[in-house]
$ cat coords_36.cif   # mmCIF, C-alpha atoms
data_entry
loop_
_atom_site.label_atom_id
_atom_site.label_comp_id
_atom_site.auth_asym_id
_atom_site.auth_seq_id
_atom_site.Cartn_x
_atom_site.Cartn_y
_atom_site.Cartn_z
CA GLY A 9 0.00 0.00 0.00
CA ALA A 10 0.88 3.66 -0.26
CA VAL A 11 3.25 4.96 2.41
CA VAL A 12 3.10 8.33 4.12
CA SER A 13 5.93 9.46 6.36
CA GLN A 14 6.22 12.25 8.88
CA HIS A 15 9.22 14.00 10.34
CA PRO A 16 10.03 14.42 13.10
CA SER A 17 8.26 11.69 15.04
CA TRP A 18 8.51 13.76 18.18
CA VAL A 19 9.68 17.24 19.05
CA ILE A 20 10.04 19.26 22.22
CA CYS A 21 10.29 23.02 21.97
CA LYS A 22 10.18 26.08 24.15
CA SER A 23 7.15 28.31 24.30
CA GLY A 24 7.28 31.02 21.67
CA THR A 25 9.30 29.12 19.11
CA SER A 26 8.07 27.73 15.80
CA VAL A 27 8.06 24.09 14.81
CA LYS A 28 7.85 22.60 11.34
CA ILE A 29 6.42 19.14 10.68
CA GLU A 30 6.89 17.44 7.33
CA CYS A 31 4.52 15.01 5.66
CA ARG A 32 5.70 13.06 2.63
CA SER A 33 4.04 10.61 0.30
CA LEU A 34 6.87 8.18 -0.40
CA ASP A 35 5.74 6.21 -3.41
CA PHE A 36 2.94 8.23 -4.89
CA GLN A 37 1.94 11.79 -5.65
CA ALA A 38 -0.58 13.64 -3.56
CA THR A 39 -2.12 16.87 -4.72
CA THR A 40 -4.10 16.91 -1.49
CA MET A 41 -3.03 16.08 2.02
CA PHE A 42 -4.85 16.38 5.30
CA TRP A 43 -3.64 17.51 8.71
CA TYR A 44 -5.27 16.20 11.85
CA ARG A 45 -4.78 16.94 15.51
CA GLN A 46 -5.37 14.38 18.21
CA PHE A 47 -5.54 15.19 21.90
CA PRO A 48 -4.78 12.45 24.41
CA LYS A 49 -7.40 9.74 24.44
CA GLN A 50 -9.50 11.61 21.91
CA SER A 51 -10.41 11.27 18.27
CA LEU A 52 -8.79 12.91 15.27
CA MET A 53 -9.93 16.38 14.38
CA LEU A 54 -9.33 17.62 10.86
CA MET A 55 -7.41 20.88 10.97
CA ALA A 56 -6.92 21.66 7.31
CA THR A 57 -6.70 20.36 3.80
CA SER A 58 -3.40 21.04 2.09
CA ASN A 59 -3.54 21.65 -1.66
CA GLU A 60 -0.50 21.51 -3.92
CA GLY A 61 0.02 24.85 -5.61
CA SER A 62 -2.72 26.69 -3.77
CA LYS A 63 -3.76 27.82 -0.34
CA ALA A 64 -4.78 25.36 2.30
CA THR A 65 -8.39 25.09 3.38
CA TYR A 66 -8.78 25.39 7.13
CA GLU A 67 -11.57 23.96 9.22
CA GLN A 68 -13.70 26.27 11.25
CA GLY A 69 -12.00 27.40 14.41
CA VAL A 70 -8.45 26.64 13.26
CA GLU A 71 -6.15 29.66 13.25
CA LYS A 72 -4.53 29.83 9.84
CA ASP A 73 -1.87 32.26 11.07
CA LYS A 74 -1.03 29.88 13.87
CA PHE A 75 -0.85 26.74 11.80
CA LEU A 76 0.87 27.52 8.52
CA ILE A 77 0.54 24.92 5.81
CA ASN A 78 2.63 24.76 2.67
CA HIS A 79 2.19 22.10 0.00
CA ALA A 80 5.45 22.67 -1.81
CA SER A 81 5.41 19.69 -4.13
CA LEU A 82 3.36 16.69 -5.09
CA THR A 83 5.00 14.66 -2.35
CA LEU A 84 5.52 17.13 0.48
CA SER A 85 3.29 19.14 2.76
CA THR A 86 4.52 20.99 5.83
CA LEU A 87 2.72 22.21 8.93
CA THR A 88 4.41 24.98 10.89
CA VAL A 89 3.15 25.73 14.36
CA THR A 90 4.11 29.35 14.90
CA SER A 91 4.81 30.85 18.31
CA ALA A 92 3.97 27.56 19.95
CA HIS A 93 2.45 27.49 23.41
CA PRO A 94 1.82 24.61 25.81
CA GLU A 95 -1.78 24.33 24.64
CA ASP A 96 -0.47 23.45 21.18
CA SER A 97 1.04 20.28 22.59
CA SER A 98 -0.66 17.44 20.79
CA PHE A 99 -0.26 14.55 18.37
CA TYR A 100 -0.34 15.76 14.76
CA ILE A 101 -1.13 13.30 11.99
CA CYS A 102 -1.16 13.83 8.26
CA SER A 103 -2.80 11.74 5.58
CA ALA A 104 -3.03 11.56 1.83
CA PRO A 105 -5.81 10.18 -0.36
CA SER A 106 -5.33 6.84 -2.01
CA PRO A 107 -3.52 7.22 -5.35
CA ALA A 108 -6.43 5.44 -6.99
CA ARG A 109 -8.69 8.19 -5.62
CA THR A 110 -11.38 5.63 -4.89
CA TYR A 111 -13.79 5.52 -1.98
CA ASN A 112 -12.11 8.49 -0.29
CA GLU A 113 -9.63 6.17 1.38
CA GLN A 114 -6.74 7.92 3.10
CA PHE A 115 -3.29 6.71 4.09
CA PHE A 116 -1.99 8.06 7.36
CA GLY A 117 1.45 9.04 8.49
CA PRO A 118 2.83 7.76 11.81
CA GLY A 119 2.20 11.06 13.56
CA THR A 120 4.33 13.70 15.29
CA ARG A 121 4.20 14.22 19.02
CA LEU A 122 4.68 17.92 19.83
CA THR A 123 5.44 18.99 23.39
CA VAL A 124 5.72 22.69 24.11
CA LEU A 125 7.40 23.58 27.38
CA ALA D 25 -23.53 16.41 7.51
CA GLN D 26 -22.12 12.99 8.19
CA SER D 27 -21.41 11.82 11.69
CA VAL D 28 -20.25 8.69 13.45
CA THR D 29 -21.13 7.38 16.88
CA GLN D 30 -19.07 4.69 18.51
CA LEU D 31 -20.85 3.12 21.45
CA GLY D 32 -18.48 2.37 24.28
CA SER D 33 -15.24 4.24 24.72
CA HIS D 34 -13.71 1.16 26.35
CA VAL D 35 -14.27 -2.50 25.60
CA SER D 36 -12.55 -5.25 27.52
CA VAL D 37 -12.52 -8.90 26.41
CA SER D 38 -10.65 -12.03 27.32
CA GLU D 39 -8.17 -13.55 24.94
CA GLY D 40 -10.04 -15.88 22.62
CA ALA D 41 -13.39 -14.18 23.14
CA LEU D 42 -15.51 -12.44 20.54
CA VAL D 43 -14.70 -8.83 19.82
CA LEU D 44 -17.60 -6.52 18.98
CA LEU D 45 -17.04 -2.81 18.47
CA ARG D 46 -20.11 -0.78 17.61
CA CYS D 47 -20.40 2.01 15.07
CA ASN D 48 -23.48 3.88 13.90
CA TYR D 49 -23.35 6.49 11.17
CA SER D 50 -25.44 9.30 9.90
CA SER D 51 -25.23 10.25 6.27
CA SER D 52 -27.65 11.74 3.79
CA VAL D 53 -26.18 9.77 0.91
CA PRO D 54 -24.80 6.25 0.59
CA PRO D 55 -21.62 6.37 2.62
CA TYR D 56 -18.17 4.96 2.44
CA LEU D 57 -17.31 3.57 5.86
CA PHE D 58 -13.97 2.68 7.35
CA TRP D 59 -12.49 1.07 10.41
CA TYR D 60 -9.00 2.13 11.40
CA VAL D 61 -6.76 0.84 14.20
CA GLN D 62 -4.24 2.95 16.10
CA TYR D 63 -1.50 1.57 18.29
CA PRO D 64 0.04 3.87 20.92
CA ASN D 65 1.95 6.79 19.46
CA GLN D 66 1.36 5.62 15.92
CA GLY D 67 -0.73 6.68 12.97
CA LEU D 68 -3.85 4.95 11.74
CA GLN D 69 -3.91 1.69 9.85
CA LEU D 70 -6.86 0.72 7.70
CA LEU D 71 -8.59 -2.45 8.86
CA LEU D 72 -11.37 -2.55 6.29
CA LYS D 73 -13.72 -0.40 4.25
CA TYR D 74 -17.28 -0.54 2.99
CA THR D 75 -17.74 0.67 -0.56
CA SER D 76 -21.19 -0.76 -1.38
CA ALA D 77 -19.81 -3.81 -3.19
CA ALA D 78 -20.76 -6.18 -0.38
CA THR D 79 -22.43 -5.70 2.96
CA LEU D 80 -20.09 -8.07 4.78
CA VAL D 81 -16.57 -6.77 4.56
CA LYS D 82 -13.51 -8.75 5.53
CA GLY D 83 -10.38 -6.94 6.58
CA ILE D 84 -6.94 -7.61 7.91
CA ASN D 85 -6.03 -9.51 11.07
CA GLY D 86 -9.27 -11.51 11.04
CA PHE D 87 -11.59 -8.54 11.46
CA GLU D 88 -14.82 -8.11 9.57
CA ALA D 89 -17.72 -5.68 9.59
CA GLU D 90 -21.29 -5.79 8.36
CA PHE D 91 -23.04 -2.82 6.81
CA LYS D 92 -26.69 -2.66 7.83
CA LYS D 93 -28.50 0.18 6.13
CA SER D 94 -31.71 -0.31 8.08
CA GLU D 95 -29.81 0.08 11.33
CA THR D 96 -27.29 2.62 9.98
CA SER D 97 -24.63 0.47 11.57
CA PHE D 98 -21.20 -0.83 10.66
CA HIS D 99 -20.09 -2.91 13.65
CA LEU D 100 -16.63 -4.45 13.74
CA THR D 101 -16.18 -8.04 14.87
CA LYS D 102 -13.49 -10.64 15.33
CA PRO D 103 -14.32 -14.19 16.43
CA SER D 104 -11.32 -14.65 18.70
CA ALA D 105 -9.35 -11.84 20.30
CA HIS D 106 -5.58 -11.88 20.47
CA MET D 107 -3.42 -9.90 22.85
CA SER D 108 -2.03 -8.04 19.85
CA ASP D 109 -5.50 -6.66 19.10
CA ALA D 110 -5.27 -4.31 22.07
CA ALA D 111 -5.41 -0.85 20.52
CA GLU D 112 -7.69 2.09 19.77
CA TYR D 113 -10.23 1.58 17.01
CA PHE D 114 -11.85 4.35 15.01
CA CYS D 115 -14.86 4.20 12.75
CA ALA D 116 -15.02 6.83 10.02
CA VAL D 117 -17.46 7.92 7.35
CA SER D 118 -16.82 9.65 4.06
CA GLU D 119 -19.28 10.97 1.59
CA TYR D 120 -19.87 8.93 -1.56
CA GLY D 121 -19.00 10.34 -4.92
CA GLY D 122 -15.86 12.22 -4.18
CA GLY D 123 -17.65 15.47 -3.48
CA SER D 124 -15.65 15.72 -0.34
CA GLU D 125 -12.70 13.62 0.62
CA LYS D 126 -12.98 14.43 4.26
CA LEU D 127 -13.24 11.66 6.78
CA VAL D 128 -15.31 12.15 9.89
CA PHE D 129 -14.16 10.01 12.78
CA GLY D 130 -15.96 8.61 15.76
CA LYS D 131 -14.53 9.18 19.21
CA GLY D 132 -12.80 5.84 19.21
CA THR D 133 -13.04 2.67 21.26
CA LYS D 134 -10.12 1.39 23.27
CA LEU D 135 -9.95 -2.38 23.19
CA THR D 136 -8.28 -4.18 26.07
CA VAL D 137 -7.56 -7.89 25.79
CA ASN D 138 -7.08 -9.74 29.05
CA PRO D 139 -5.01 -12.93 29.25
#
$ encode --input "coords_36.cif" --output "structure tokens"
Amino acid sequence: GAVVSQHPSWVICKSGTSVKIECRSLDFQATTMFWYRQFPKQSLMLMATSNEGSKATYEQGVEKDKFLINHASLTLSTLTVTSAHPEDSSFYICSAPSPARTYNEQFFGPGTRLTVL
Amino acid sequence: AQSVTQLGSHVSVSEGALVLLRCNYSSSVPPYLFWYVQYPNQGLQLLLKYTSAATLVKGINGFEAEFKKSETSFHLTKPSAHMSDAAEYFCAVSEYGGGSEKLVFGKGTKLTVNP
């Protein structure tokens, strides 16, 4: 099956700094990627849809200036958490639609654990 | 709008016992339905998906799910639980036809398997 990777797998940063998380589709191209946030023991909440060559589409309530998304190529999307604060600590997961674009199936990355001190 | 309800945030079974994880959906159009499994600190792995081809869907690791339109349900089952099945399970719904590729997830069910 299609493989999606994320880097880093975990990151610890100080409050006020910015953190960049990469999401790559390793063996297929993805014009769309999705970014989710998962709080401990909770479900995944879609934050935004990343679109190659155009602006990301953010879900209601997600601060676009806080969570910057750049879909630089057909295999790479990045999420930058700007001026991170402890409340931004969470598990961030990206996904990409199946290359066959059937049934809306998505392939998920392994996630990035962000801890803001 | 689509939604998913997973009944039971925690399910505990003995090794070798039947696993039943419940999922009910709400969708205005024929849905695509998915079950994903998540192990601690990992991403989601697809167990199986319903795409209208067959109401009984078989997935990986011995899991299967039955789509029941009349009950708007898509419950996940496994005849005999293994210790390795202990994980978090998420049911998700997506709208048919590609109008939107968004997945809407249920709150998840944590499965514990006791020796």
$ resolve_selection --input "coords_36.cif" --expression "the PyMOL selection byres ((chain A) within 10 of (chain D))" --output "number ranges by chain"
A: 12-14, 17-18, 40, 42, 49-54, 56-57, 99-105, 109-121
$ atom_distance --input "coords_36.cif" --atom1 "atom CA of Arg46 of chain D" --atom2 "atom CA of Cys115 of chain D"
8.7 Å
$ resolve_selection --input "coords_36.cif" --expression "the PyMOL selection byres ((chain D and resi 100) around 7)" --output "PDB file with C-alpha atoms, keeping the file's coordinate frame"
ATOM      1  CA  LEU D  44     -17.600  -6.520  18.980  1.00  0.00           C
ATOM      2  CA  LEU D  45     -17.040  -2.810  18.470  1.00  0.00           C
ATOM      3  CA  ARG D  46     -20.110  -0.780  17.610  1.00  0.00           C
ATOM      4  CA  PHE D  87     -11.590  -8.540  11.460  1.00  0.00           C
ATOM      5  CA  GLU D  88     -14.820  -8.110   9.570  1.00  0.00           C
ATOM      6  CA  ALA D  89     -17.720  -5.680   9.590  1.00  0.00           C
ATOM      7  CA  PHE D  98     -21.200  -0.830  10.660  1.00  0.00           C
ATOM      8  CA  HIS D  99     -20.090  -2.910  13.650  1.00  0.00           C
ATOM      9  CA  THR D 101     -16.180  -8.040  14.870  1.00  0.00           C
TER      10      THR D 101
END
$ resolve_selection --input "coords_36.cif" --expression "the PyMOL selection byres ((chain A and resi 21-24) around 8)" --output "list in words"
Val19, Ile20, Thr25, Ser26, Val27, Thr90, Ser91, Ala92, His93, Pro94, Leu122, Thr123, Val124 and Leu125 of chain A
$ axis_aligned_box --input "coords_36.cif" --around "segment 90-108 of chain A" --padding-each-side "3 Å" --output "JSON"
{"center_x": -0.8, "center_y": 18.1, "center_z": 9.4, "size_x": 17.2, "size_y": 31.4, "size_z": 38.8}
$ atom_distance --input "coords_36.cif" --atom1 "atom CA of Pro139 of chain D" --atom2 "atom CA of His106 of chain D"
8.9 Å
$ atom_distance --input "coords_36.cif" --atom1 "atom CA of Asn138 of chain D" --atom2 "atom CA of Ala111 of chain D"
12.4 Å
$ closest_residue --input "coords_36.cif" --among "A:Ala80, A:Ala108, A:Ala64, A:Val70" --to "Glu30 of chain A" --atoms "all atoms listed in the file"
A:Ala80
$ closest_residue --input "coords_36.cif" --among "A:Glu60, A:Lys28, A:Gln68, A:Met55" --to "Val89 of chain A" --atoms "only C-alpha atoms"
A:Lys28
$ closest_residue --input "coords_36.cif" --among "A:Ser106, A:Gly69, A:Ser98, A:Lys74" --to "Tyr44 of chain A" --atoms "only C-alpha atoms"
A:Ser98
$ closest_residue --input "coords_36.cif" --among "A:His79, A:Lys63, A:Thr88, A:Ala10" --to "Phe36 of chain A" --atoms "all atoms listed in the file"
A:Ala10
